[in-house]
>>> print(open('model20.cif').read())   # mmCIF, C-alpha atoms and all ligand atoms
data_model
#
loop_
_atom_site.label_atom_id
_atom_site.label_comp_id
_atom_site.auth_asym_id
_atom_site.auth_seq_id
_atom_site.Cartn_x
_atom_site.Cartn_y
_atom_site.Cartn_z
CA MET M 1366 156.71 210.00 63.18
CA GLY M 1367 156.66 213.68 64.19
CA ALA M 1368 155.96 215.67 67.32
CA PRO M 1369 153.11 214.53 69.56
CA PRO M 1370 149.74 216.04 68.68
CA ALA M 1371 149.05 219.35 70.33
CA GLN M 1372 146.24 219.38 72.90
CA ALA M 1373 142.91 219.75 71.17
CA SER M 1374 141.66 223.28 71.72
CA TYR M 1375 138.12 224.55 71.47
CA ILE M 1376 136.54 227.95 71.15
CA CYS M 1377 133.37 227.85 73.19
CA ALA M 1378 131.07 230.79 73.95
CA ARG M 1379 133.96 233.14 73.17
CA LYS M 1380 135.99 231.46 75.88
CA PHE M 1381 139.13 229.59 74.96
CA PHE M 1382 139.75 226.41 76.82
CA THR M 1383 141.96 223.42 76.36
CA MET M 1384 140.79 219.85 76.51
CA ALA M 1385 142.76 218.01 79.18
CA ARG M 1386 143.39 214.31 78.89
CA ILE M 1387 143.14 212.84 82.38
CA LEU M 1388 144.54 209.35 82.89
CA THR M 1389 144.78 207.12 85.91
CA GLY M 1390 145.28 203.45 86.69
CA ILE M 1391 143.36 201.52 89.27
CA GLN M 1392 144.91 198.39 90.72
CA SER M 1393 142.57 195.45 90.92
CA THR M 1394 143.14 194.10 94.39
CA GLY M 1395 139.62 193.07 95.48
CA VAL M 1396 136.07 194.38 95.77
CA PRO M 1397 136.16 198.16 96.43
CA HIS M 1398 134.98 199.34 99.88
CA LEU M 1399 133.54 202.60 101.22
CA GLY M 1400 137.05 204.13 101.52
CA ASN M 1401 137.80 203.37 97.86
CA ALA M 1402 134.42 204.75 96.77
CA LEU M 1403 134.69 208.03 98.69
CA GLY M 1404 138.46 208.42 98.31
CA ALA M 1405 139.01 207.43 94.70
CA ILE M 1406 136.05 206.27 92.59
CA GLU M 1407 133.57 209.08 93.28
CA PRO M 1408 136.18 211.89 92.99
CA GLY M 1409 137.43 210.29 89.76
CA ILE M 1410 133.94 210.20 88.31
CA GLU M 1411 133.38 213.83 89.34
CA MET M 1412 136.59 214.90 87.65
CA SER M 1413 135.55 213.06 84.48
CA GLN M 1414 132.29 215.02 84.44
CA GLN M 1415 133.99 218.42 84.24
CA ALA M 1416 133.54 219.98 80.83
CA GLY M 1417 136.68 219.88 78.77
CA ASN M 1418 138.11 216.75 80.37
CA GLU M 1419 138.38 213.41 78.69
CA SER M 1420 139.21 210.61 81.07
CA PHE M 1421 141.23 207.48 80.50
CA PHE M 1422 140.65 205.17 83.46
CA PHE M 1423 142.09 201.70 83.25
CA ILE M 1424 142.44 198.62 85.39
CA ALA M 1425 146.10 197.92 86.03
CA ASP M 1426 145.95 194.13 85.90
CA LEU M 1427 149.54 193.72 84.65
CA HIS M 1428 150.75 195.57 87.73
CA SER M 1429 148.73 193.25 89.92
CA LEU M 1430 150.70 190.24 88.59
CA THR M 1431 153.58 191.49 90.77
CA THR M 1432 151.61 190.26 93.79
CA VAL M 1433 148.59 188.20 92.60
CA LYS M 1434 149.69 185.02 90.82
CA ASP M 1435 146.35 183.21 90.61
CA ALA M 1436 144.70 183.88 87.23
CA ALA M 1437 141.11 183.33 88.39
CA THR M 1438 141.57 185.73 91.32
CA ARG M 1439 143.07 188.40 89.09
CA LYS M 1440 140.23 188.06 86.61
CA GLU M 1441 137.57 188.22 89.33
CA ASN M 1442 139.25 191.31 90.82
CA VAL M 1443 139.25 193.07 87.46
CA TYR M 1444 135.50 192.47 87.16
CA ALA M 1445 134.79 193.53 90.76
CA VAL M 1446 136.63 196.81 90.28
CA ALA M 1447 135.21 197.48 86.81
CA ALA M 1448 131.67 196.74 88.07
CA SER M 1449 132.16 199.30 90.85
CA TRP M 1450 133.10 202.09 88.44
CA LEU M 1451 130.22 201.18 86.15
CA ALA M 1452 127.73 200.85 89.04
CA LEU M 1453 128.75 204.21 90.51
CA GLY M 1454 128.07 205.91 87.19
CA PHE M 1455 131.30 206.29 85.24
CA ASP M 1456 130.29 207.29 81.70
CA VAL M 1457 132.13 204.84 79.46
CA GLU M 1458 130.61 206.28 76.30
CA LYS M 1459 132.06 209.74 76.81
CA ASN M 1460 135.30 208.47 78.32
CA PHE M 1461 137.80 205.64 77.95
CA PHE M 1462 137.63 202.62 80.24
CA TYR M 1463 139.86 199.64 79.56
CA ARG M 1464 142.00 196.84 80.91
CA GLN M 1465 145.76 197.42 80.78
CA SER M 1466 146.56 193.91 79.50
CA ASP M 1467 144.26 194.33 76.47
CA ILE M 1468 146.76 196.81 75.02
CA PRO M 1469 150.05 194.87 74.90
CA GLN M 1470 151.83 197.83 73.25
CA VAL M 1471 152.34 198.97 76.83
CA ALA M 1472 154.88 196.17 77.29
CA GLU M 1473 156.82 197.25 74.20
CA LEU M 1474 156.96 200.85 75.42
CA THR M 1475 158.04 199.59 78.85
CA TRP M 1476 161.09 198.01 77.23
CA TYR M 1477 162.07 201.17 75.35
CA LEU M 1478 161.65 203.29 78.47
CA SER M 1479 163.59 200.86 80.63
CA CYS M 1480 166.62 201.43 78.39
CA PHE M 1481 166.43 205.14 79.30
CA THR M 1482 165.98 204.53 83.03
CA PRO M 1483 169.08 204.70 85.21
CA TYR M 1484 169.31 201.71 87.53
CA PRO M 1485 169.73 203.85 90.70
CA MET M 1486 166.47 205.68 89.94
CA LEU M 1487 164.58 202.38 90.27
CA ALA M 1488 166.66 201.18 93.20
CA ASN M 1489 165.80 204.38 95.12
CA ALA M 1490 162.04 204.29 94.54
CA HIS M 1491 160.22 204.61 97.92
CA SER M 1492 157.49 202.23 96.94
CA PHE M 1493 159.96 199.53 95.87
CA LYS M 1494 161.91 199.88 99.11
CA ASP M 1495 158.70 199.69 101.08
CA LYS M 1496 157.41 196.64 99.20
CA SER M 1497 160.74 194.82 99.26
CA ASP M 1498 160.81 195.22 103.06
CA ARG M 1499 157.28 193.89 103.47
CA LEU M 1500 156.80 191.20 100.82
CA SER M 1501 158.38 187.77 100.68
CA ASP M 1502 158.24 187.62 96.86
CA VAL M 1503 160.54 190.46 95.76
CA ASN M 1504 160.44 189.95 92.00
CA GLY M 1505 161.77 191.92 89.03
CA GLY M 1506 158.24 193.11 88.28
CA LEU M 1507 158.14 194.98 91.58
CA PHE M 1508 161.45 196.59 90.67
CA THR M 1509 160.38 197.70 87.19
CA TYR M 1510 156.84 198.59 88.30
CA PRO M 1511 157.48 202.35 87.77
CA VAL M 1512 158.57 201.77 84.16
CA LEU M 1513 155.33 199.96 83.32
CA MET M 1514 153.46 202.77 85.06
CA ALA M 1515 155.32 205.37 82.98
CA ALA M 1516 154.43 203.43 79.83
CA ASP M 1517 150.75 203.41 80.91
CA ILE M 1518 150.81 207.18 80.97
CA LEU M 1519 153.05 208.03 78.04
CA LEU M 1520 151.30 205.57 75.69
CA TYR M 1521 148.24 207.84 75.64
CA ASP M 1522 149.82 211.34 75.64
CA ALA M 1523 148.15 212.04 79.00
CA ASP M 1524 148.15 215.62 80.30
CA GLN M 1525 147.13 215.10 83.92
CA VAL M 1526 147.44 212.09 86.17
CA PRO M 1527 145.44 212.16 89.41
CA VAL M 1528 147.09 209.96 92.04
CA GLY M 1529 147.51 209.63 95.78
CA LYS M 1530 150.56 211.14 97.49
CA ASP M 1531 152.33 207.77 97.54
CA GLN M 1532 152.49 207.80 93.72
CA LYS M 1533 154.06 211.24 93.35
CA GLN M 1534 157.58 209.89 92.92
CA HIS M 1535 156.38 207.53 90.17
CA LEU M 1536 155.11 210.55 88.25
CA GLU M 1537 158.45 212.33 88.63
CA MET M 1538 160.15 209.20 87.31
CA THR M 1539 157.73 209.13 84.37
CA ARG M 1540 158.72 212.66 83.43
CA ASP M 1541 162.41 211.78 83.78
CA MET M 1542 162.06 208.74 81.52
CA ALA M 1543 160.13 210.68 78.88
CA GLY M 1544 162.66 213.53 79.05
CA ALA M 1545 165.59 211.12 78.71
CA LEU M 1546 164.13 209.47 75.60
CA ASN M 1547 163.19 212.83 74.05
CA ASN M 1548 166.69 214.10 74.73
CA ALA M 1549 168.34 211.07 73.25
CA VAL M 1550 166.38 211.26 69.99
CA GLY M 1551 166.49 215.07 69.87
CA GLU M 1552 162.76 215.47 69.47
CA GLU M 1553 159.73 215.79 71.73
CA ILE M 1554 158.38 212.32 71.01
CA LEU M 1555 156.75 211.74 74.39
CA LYS M 1556 154.51 214.20 76.16
CA LEU M 1557 155.50 215.07 79.74
CA PRO M 1558 152.48 214.60 82.05
CA GLU M 1559 151.61 216.57 85.19
CA SER M 1560 150.59 214.85 88.39
CA VAL M 1561 147.46 215.99 90.18
CA ILE M 1562 147.95 215.04 93.80
CA ARG M 1563 144.82 214.51 95.82
CA GLU M 1564 145.83 216.19 99.08
CA THR M 1565 142.37 217.05 100.25
CA VAL M 1566 140.61 213.72 100.04
CA GLN M 1567 139.72 212.72 103.52
CA THR M 1568 140.95 209.42 104.87
CA VAL M 1569 137.88 207.32 105.53
CA PRO M 1570 138.23 205.51 108.85
CA GLY M 1571 137.56 201.78 109.10
CA THR M 1572 135.44 199.96 111.67
CA ASP M 1573 138.34 200.11 114.17
CA GLY M 1574 139.12 203.82 113.63
CA GLN M 1575 142.34 203.22 111.61
CA LYS M 1576 142.40 204.07 107.87
CA MET M 1577 139.92 201.80 106.13
CA SER M 1578 141.92 199.26 104.14
CA LYS M 1579 141.57 195.74 102.80
CA SER M 1580 144.84 194.92 104.45
CA TYR M 1581 143.53 195.85 107.94
CA GLY M 1582 140.29 193.85 107.69
CA ASN M 1583 138.30 196.89 108.86
CA THR M 1584 136.28 197.67 105.74
CA LEU M 1585 132.65 198.57 105.14
CA ASP M 1586 131.94 196.59 102.00
CA ILE M 1587 129.30 198.64 100.27
CA PHE M 1588 128.84 195.97 97.59
CA ALA M 1589 128.56 193.01 99.98
CA PRO M 1590 125.24 191.26 100.76
CA ALA M 1591 123.05 193.33 103.14
CA LYS M 1592 123.63 190.92 106.03
CA VAL M 1593 127.41 191.18 105.78
CA LEU M 1594 127.35 194.96 105.53
CA LYS M 1595 124.99 195.21 108.51
CA LYS M 1596 127.31 193.05 110.59
CA GLN M 1597 130.25 195.26 109.68
CA VAL M 1598 128.40 198.48 110.58
CA MET M 1599 127.15 197.02 113.85
CA GLY M 1600 130.73 195.95 114.60
CA ILE M 1601 132.19 199.48 114.47
CA THR M 1602 134.24 200.04 117.62
CA THR M 1603 132.75 202.49 120.11
CA ASP M 1604 133.42 203.26 123.79
CA SER M 1605 131.29 201.93 126.62
CA THR M 1606 129.37 205.09 127.56
CA PRO M 1607 125.92 203.87 128.78
CA LEU M 1608 122.89 204.59 126.62
CA GLU M 1609 121.42 207.26 128.91
CA GLU M 1610 124.57 209.38 129.07
CA PRO M 1611 125.57 212.14 126.64
CA LYS M 1612 128.24 211.10 124.14
CA ASP M 1613 131.04 212.97 122.39
CA PRO M 1614 130.35 212.91 118.63
CA ASP M 1615 133.82 214.20 117.79
CA THR M 1616 135.64 211.16 119.13
CA CYS M 1617 133.24 208.56 117.72
CA ASN M 1618 133.95 206.52 114.54
CA VAL M 1619 130.26 206.08 113.83
CA PHE M 1620 129.73 209.85 113.84
CA THR M 1621 132.82 210.44 111.65
CA LEU M 1622 131.51 207.99 109.06
CA TYR M 1623 128.00 209.43 109.32
CA GLN M 1624 129.38 212.91 108.63
CA LEU M 1625 130.98 211.72 105.40
CA LEU M 1626 127.62 210.64 104.01
CA ALA M 1627 124.93 212.83 105.59
CA ASN M 1628 123.68 216.30 104.72
CA LYS M 1629 124.05 219.33 107.04
CA GLU M 1630 120.67 218.91 108.73
CA GLN M 1631 121.20 215.22 109.35
CA ILE M 1632 124.63 215.91 110.84
CA ALA M 1633 123.28 218.65 113.15
CA GLU M 1634 120.49 216.34 114.30
CA MET M 1635 122.86 213.47 114.97
CA ARG M 1636 125.15 215.78 116.96
CA GLN M 1637 122.18 216.77 119.14
CA ASN M 1638 121.28 213.10 119.62
CA TYR M 1639 124.79 212.36 120.86
CA LEU M 1640 124.94 215.35 123.18
CA GLY M 1641 121.40 214.88 124.51
CA GLY M 1642 121.84 211.38 125.99
CA ASN M 1643 119.34 208.53 125.80
CA TYR M 1644 120.68 207.79 122.37
CA GLY M 1645 122.81 204.66 122.03
CA TYR M 1646 125.56 203.75 119.63
CA GLY M 1647 123.25 201.06 118.28
CA HIS M 1648 120.83 203.78 117.16
CA ALA M 1649 123.61 205.73 115.49
CA LYS M 1650 124.87 202.62 113.71
CA LYS M 1651 121.38 201.89 112.37
CA ALA M 1652 121.13 205.46 111.08
CA LEU M 1653 124.54 205.05 109.40
CA LEU M 1654 123.50 201.76 107.81
CA ASN M 1655 120.32 203.38 106.47
CA LEU M 1656 122.35 206.18 104.96
CA ILE M 1657 124.75 203.75 103.26
CA MET M 1658 121.84 201.73 101.90
CA GLU M 1659 120.13 204.87 100.64
CA ARG M 1660 123.21 206.28 98.98
CA TYR M 1661 124.44 203.04 97.45
CA GLY M 1662 121.17 201.11 97.02
CA GLU M 1663 121.01 201.54 93.28
CA ALA M 1664 124.75 201.00 92.79
CA ARG M 1665 124.56 197.79 94.88
CA GLU M 1666 121.86 196.39 92.62
CA LYS M 1667 123.75 197.33 89.50
CA HIS M 1668 126.98 195.83 90.88
CA GLN M 1669 125.23 192.58 91.68
CA GLU M 1670 123.66 192.45 88.25
CA LEU M 1671 127.01 192.99 86.55
CA MET M 1672 128.85 190.45 88.69
CA ALA M 1673 126.16 187.88 87.87
CA ASN M 1674 126.75 188.56 84.20
CA PRO M 1675 130.47 189.22 83.70
CA GLN M 1676 130.04 189.16 79.94
CA LEU M 1677 128.45 192.61 80.26
CA ILE M 1678 131.60 193.90 81.96
CA GLU M 1679 133.81 192.10 79.48
CA ASP M 1680 131.92 193.76 76.59
CA GLN M 1681 132.49 197.22 78.09
CA LEU M 1682 136.20 196.55 78.60
CA GLN M 1683 136.59 195.21 75.06
CA ALA M 1684 134.79 198.22 73.63
CA GLY M 1685 137.10 200.46 75.69
CA ALA M 1686 140.17 198.63 74.35
CA GLU M 1687 138.97 199.18 70.77
CA LYS M 1688 138.65 202.90 71.48
CA VAL M 1689 142.15 203.34 72.91
CA ARG M 1690 144.05 200.93 70.64
CA PRO M 1691 144.57 203.40 67.75
CA ILE M 1692 146.05 205.96 70.15
CA ALA M 1693 148.43 203.40 71.66
CA ASN M 1694 149.42 202.21 68.18
CA SER M 1695 150.22 205.67 66.93
CA VAL M 1696 152.30 206.60 69.97
CA VAL M 1697 154.28 203.37 69.95
CA GLU M 1698 154.83 203.79 66.21
CA ARG M 1699 156.20 207.28 66.88
CA VAL M 1700 158.62 205.89 69.46
CA ARG M 1701 159.72 202.98 67.27
CA ALA M 1702 160.47 205.29 64.37
CA SER M 1703 162.37 207.73 66.57
CA LEU M 1704 164.58 204.88 67.79
CA GLY M 1705 165.16 203.53 64.30
CA TYR M 1706 162.99 200.38 64.53
P1 LIG M 1801 143.31 199.32 100.21
O1 LIG M 1801 144.08 200.10 101.22
O2 LIG M 1801 142.00 198.86 100.74
O3 LIG M 1801 144.13 198.19 99.59
P2 LIG M 1801 143.92 200.68 97.76
O4 LIG M 1801 145.30 200.97 98.23
O5 LIG M 1801 143.72 199.64 96.70
O6 LIG M 1801 142.99 200.32 99.02
O7 LIG M 1801 143.27 202.06 97.30
C1 LIG M 1801 142.66 202.31 96.07
C2 LIG M 1801 142.28 203.77 96.03
O8 LIG M 1801 141.36 204.08 97.09
C3 LIG M 1801 143.47 204.71 96.24
O9 LIG M 1801 143.31 205.81 95.37
C4 LIG M 1801 143.37 205.16 97.68
O10 LIG M 1801 143.89 206.46 97.86
C5 LIG M 1801 141.85 205.13 97.92
N1 LIG M 1801 141.59 204.75 99.33
C6 LIG M 1801 141.82 203.55 99.88
N2 LIG M 1801 141.47 203.53 101.20
C7 LIG M 1801 141.01 204.78 101.48
C8 LIG M 1801 140.51 205.39 102.67
N3 LIG M 1801 140.40 204.72 103.82
N4 LIG M 1801 140.13 206.69 102.59
C9 LIG M 1801 140.22 207.39 101.43
N5 LIG M 1801 140.70 206.86 100.28
C10 LIG M 1801 141.10 205.57 100.29
N1 LIG M 1802 150.52 202.47 90.77
C1 LIG M 1802 149.18 202.99 90.88
C2 LIG M 1802 148.64 202.69 92.30
O1 LIG M 1802 149.12 201.81 92.95
C3 LIG M 1802 148.26 202.37 89.85
C4 LIG M 1802 148.70 202.73 88.47
C5 LIG M 1802 149.22 201.89 87.51
C6 LIG M 1802 148.63 204.03 87.87
N2 LIG M 1802 149.47 202.57 86.39
C7 LIG M 1802 149.14 203.88 86.56
C8 LIG M 1802 148.18 205.27 88.35
C9 LIG M 1802 149.21 204.99 85.70
C10 LIG M 1802 148.27 206.35 87.48
C11 LIG M 1802 148.77 206.22 86.18
O2 LIG M 1802 147.69 203.35 92.71
#
>>> encode(input="model20.cif", output="structure tokens", more="lines below")
Ligand code: ADP
Ligand code: TRP
Amino acid sequence: MGAPPAQASYICARKFFTMARILTGIQSTGVPHLGNALGAIEPGIEMSQQAGNESFFFIADLHSLTTVKDAATRKENVYAVAASWLALGFDVEKNFFYRQSDIPQVAELTWYLSCFTPYPMLANAHSFKDKSDRLSDVNGGLFTYPVLMAADILLYDADQVPVGKDQKQHLEMTRDMAGALNNAVGEEILKLPESVIRETVQTVPGTDGQKMSKSYGNTLDIFAPAKVLKKQVMGITTDSTPLEEPKDPDTCNVFTLYQLLANKEQIAEMRQNYLGGNYGYGHAKKALLNLIMERYGEAREKHQELMANPQLIEDQLQAGAEKVRPIANSVVERVRASLGY
């Protein structure tokens, strides 16, 4: 037992800096699309590359049991998501990449935390209210979802948890649960994490101009076969301005998507093409498709290779589990002892 380990500190080039442990969970709900790549995967990888950070990224496949009941689908989704992180360059040697269900200590910690969680706190969670309004299967797992999420975080003494705005309340609940347990045992057994809210990440529009989302069927599937991706790009909704006429780049979905991927010169040139006339939406879509293929060409190949050989993904996840298991064991041991088990 004892207090949680202090953050590891390093003296480097006469500068003092503290190693931050970054942790985040990724639900496995299908094959990631362009919105997921630009909004979550690439920023996550960038954050993991900053000196002084060590990143714990895991696939939240126990959370996905609240909605996905078919085992084969859940397994396939885990691989599709893991393959995307690996294909886009997440460094699993330097960091920690694992599957939630491989570390069952998380379920034990969930139980302890749930006994320090007031019922009204769970009943008032926005995300539960939202899901219970929308879904037909309102199960206990949906209700206790925030406790499992708190256990995910507290099990690894995480310092910072990058999440979207919709998860902010879950982080506040995590801190409340940790504080309640610490208070009850009279010792700082669990480390209180900070949330890092991604306010600035742009919402990537889908082919119909709404937020790109699997649930709206408007995705650009960067890992799909070339034919499928081409059809999606060519299907982006545009207005009916004739080819010869000038077009307004600032109200066009194709241009918005192009801007997210192109460099300054390419953007300026495309703007001129729109304003100059004699440039059709078909041309712009082809340019966008080329850009996607260029940017993700290598990642697409790698993704395909991994999906054709899931054992490679499995090996990475197992190796990740081996790396994090001792941390989970020591934290859960600390909690057990503090509670007298
Ligand atoms: P979906 O809406 O397709 O089901 P998820 O909710 O599973 O996507 O999102 C997974 C991650 O990707 C989240 O961090 C979310 O913020 C990010 N993300 C999803 N769609 C977009 C988008 N259109 N633009 C930017 N980020 C997105
Ligand atoms: N609930 C998060 C989401 O829907 C996923 C998640 C599960 C998570 N466990 C976590 C995020 C722990 C951060 C930390 O996006």
>>> residues_near_ligand(input="model20.cif", ligand="ligand LIG 1801 (chain M)", cutoff="6 Å", atoms="all atoms listed in the file", output="list in words")
Gly1400, Asn1401, Gly1404, Ala1405, Gly1529, Gln1567, Thr1568, Val1569, Pro1570, Lys1576, Met1577, Ser1578, Lys1579 and Ser1580 of chain M
>>> write_last_selection(input="model20.cif", atoms="C-alpha atoms", output="compact mmCIF listing (two decimals), in the frame of the given file")
# COMPACT_ATOMS: atom_id res chain seq x y z
CA GLY M 1400 137.05 204.13 101.52
CA ASN M 1401 137.80 203.37 97.86
CA GLY M 1404 138.46 208.42 98.31
CA ALA M 1405 139.01 207.43 94.70
CA GLY M 1529 147.51 209.63 95.78
CA GLN M 1567 139.72 212.72 103.52
CA THR M 1568 140.95 209.42 104.87
CA VAL M 1569 137.88 207.32 105.53
CA PRO M 1570 138.23 205.51 108.85
CA LYS M 1576 142.40 204.07 107.87
CA MET M 1577 139.92 201.80 106.13
CA SER M 1578 141.92 199.26 104.14
CA LYS M 1579 141.57 195.74 102.80
CA SER M 1580 144.84 194.92 104.45
>>> atom_distance(input="model20.cif", atom1="CA of Ser1560 (chain M)", atom2="CA of Glu1407 (chain M)")
18.6 Å
>>> atom_distance(input="model20.cif", atom1="CA of Val1550 (chain M)", atom2="CA of Leu1704 (chain M)")
7.0 Å
>>> residues_around(input="model20.cif", residues="Met1672 (chain M)", least_positions_apart="3", cutoff="12 Å", atoms="only C-alpha atoms", output="PyMOL selection string")
chain M and resi 1396+1440-1449+1451-1452+1588-1589+1665-1669+1675-1679
>>> atom_distance(input="model20.cif", atom1="CA of Gly1544 (chain M)", atom2="CA of Phe1423 (chain M)")
24.1 Å
>>> residues_near_point(input="model20.cif", point="(131.7, 195.6, 103.6)", cutoff="10 Å", atoms="only C-alpha atoms", output="list in words")
Val1396, Pro1397, His1398, Leu1399, Thr1572, Lys1579, Gly1582, Asn1583, Thr1584, Leu1585, Asp1586, Ile1587, Phe1588, Ala1589, Pro1590, Ala1591, Lys1592, Val1593, Leu1594, Lys1595, Lys1596, Gln1597 and Val1598 of chain M
>>> residues_near_point(input="model20.cif", point="(135.6, 210.7, 85.8)", cutoff="12 Å", atoms="all atoms listed in the file", output="count of residues only")
37
>>> residues_near_ligand(input="model20.cif", ligand="ligand LIG 1802 (chain M)", cutoff="6 Å", atoms="all atoms listed in the file", output="list of chain:residue names")
M:Thr1389, M:Gly1390, M:Ile1391, M:Gln1392, M:Ala1425, M:Met1514, M:Asp1517, M:Ile1518, M:Val1526, M:Val1528
>>> residues_around(input="model20.cif", residues="Ile1692 (chain M)", least_positions_apart="6", cutoff="10 Å", atoms="all atoms listed in the file", output="mmCIF file with C-alpha atoms, keeping the file's coordinate frame")
data_model
loop_
_atom_site.group_PDB
_atom_site.id
_atom_site.type_symbol
_atom_site.label_atom_id
_atom_site.label_comp_id
_atom_site.auth_asym_id
_atom_site.auth_seq_id
_atom_site.Cartn_x
_atom_site.Cartn_y
_atom_site.Cartn_z
ATOM 1 C CA LEU M 1520 151.300 205.570 75.690
ATOM 2 C CA TYR M 1521 148.240 207.840 75.640
ATOM 3 C CA ASP M 1522 149.820 211.340 75.640
ATOM 4 C CA GLU M 1698 154.830 203.790 66.210
#
>>> axis_aligned_box(input="model20.cif", around="region 1647-1663 of chain M", padding_each_side="3 Å", output="lines of an AutoDock Vina configuration file")
center_x = 122.5
center_y = 203.7
center_z = 105.8
size_x = 10.7
size_y = 11.2
size_z = 31.0
>>> residues_around(input="model20.cif", residues="Thr1616 (chain M)", least_positions_apart="4", cutoff="10 Å", atoms="all atoms listed in the file", output="list in words")
Gly1574, Thr1603, Asp1604, Lys1612, Phe1620 and Thr1621 of chain M
>>> closest_residue(input="model20.cif", among="M:Asn1694, M:Thr1432, M:Ser1501, M:Ser1492", to="Gln1532 (chain M)", atoms="only C-alpha atoms")
M:Ser1492
>>> residues_around(input="model20.cif", residues="region 1635-1639 of chain M", least_positions_apart="4", cutoff="12 Å", atoms="only C-alpha atoms", output="MDAnalysis selection string")
chainID M and resid 1606:1617 1619:1624 1627:1631 1643:1653
>>> closest_residue(input="model20.cif", among="M:Leu1671, M:Leu1546, M:Leu1427, M:Leu1626", to="Ile1468 (chain M)", atoms="only C-alpha atoms")
M:Leu1427
>>> closest_atom_pairs(input="model20.cif", of="region 1530-1576 of chain M", to="region 1469-1490 of chain M", cutoff="12 Å", atoms="all atoms listed in the file", output="JSON lines")
{"residue": "M:Asp1531", "atom": "CA", "partner": "M:Ala1490", "partner_atom": "CA", "distance": 10.7}
{"residue": "M:Gln1532", "atom": "CA", "partner": "M:Ala1490", "partner_atom": "CA", "distance": 10.2}
{"residue": "M:Lys1533", "atom": "CA", "partner": "M:Ala1490", "partner_atom": "CA", "distance": 10.6}
{"residue": "M:Gln1534", "atom": "CA", "partner": "M:Ala1490", "partner_atom": "CA", "distance": 7.3}
{"residue": "M:His1535", "atom": "CA", "partner": "M:Ala1490", "partner_atom": "CA", "distance": 7.9}
{"residue": "M:Leu1536", "atom": "CA", "partner": "M:Ala1490", "partner_atom": "CA", "distance": 11.3}
{"residue": "M:Glu1537", "atom": "CA", "partner": "M:Met1486", "partner_atom": "CA", "distance": 10.5}
{"residue": "M:Met1538", "atom": "CA", "partner": "M:Met1486", "partner_atom": "CA", "distance": 7.7}
{"residue": "M:Thr1539", "atom": "CA", "partner": "M:Leu1478", "partner_atom": "CA", "distance": 9.2}
{"residue": "M:Arg1540", "atom": "CA", "partner": "M:Thr1482", "partner_atom": "CA", "distance": 10.9}
{"residue": "M:Asp1541", "atom": "CA", "partner": "M:Thr1482", "partner_atom": "CA", "distance": 8.1}
{"residue": "M:Met1542", "atom": "CA", "partner": "M:Thr1482", "partner_atom": "CA", "distance": 5.9}
{"residue": "M:Ala1543", "atom": "CA", "partner": "M:Leu1478", "partner_atom": "CA", "distance": 7.6}
{"residue": "M:Gly1544", "atom": "CA", "partner": "M:Phe1481", "partner_atom": "CA", "distance": 9.2}
{"residue": "M:Ala1545", "atom": "CA", "partner": "M:Phe1481", "partner_atom": "CA", "distance": 6.1}
{"residue": "M:Leu1546", "atom": "CA", "partner": "M:Phe1481", "partner_atom": "CA", "distance": 6.1}
{"residue": "M:Asn1547", "atom": "CA", "partner": "M:Phe1481", "partner_atom": "CA", "distance": 9.9}
{"residue": "M:Asn1548", "atom": "CA", "partner": "M:Phe1481", "partner_atom": "CA", "distance": 10.1}
{"residue": "M:Ala1549", "atom": "CA", "partner": "M:Phe1481", "partner_atom": "CA", "distance": 8.7}
{"residue": "M:Val1550", "atom": "CA", "partner": "M:Phe1481", "partner_atom": "CA", "distance": 11.1}
{"residue": "M:Leu1555", "atom": "CA", "partner": "M:Leu1478", "partner_atom": "CA", "distance": 10.6}
>>> closest_residue(input="model20.cif", among="M:Gln1465, M:Thr1431, M:Gln1683, M:Thr1438", to="Phe1493 (chain M)", atoms="only C-alpha atoms")
M:Thr1431
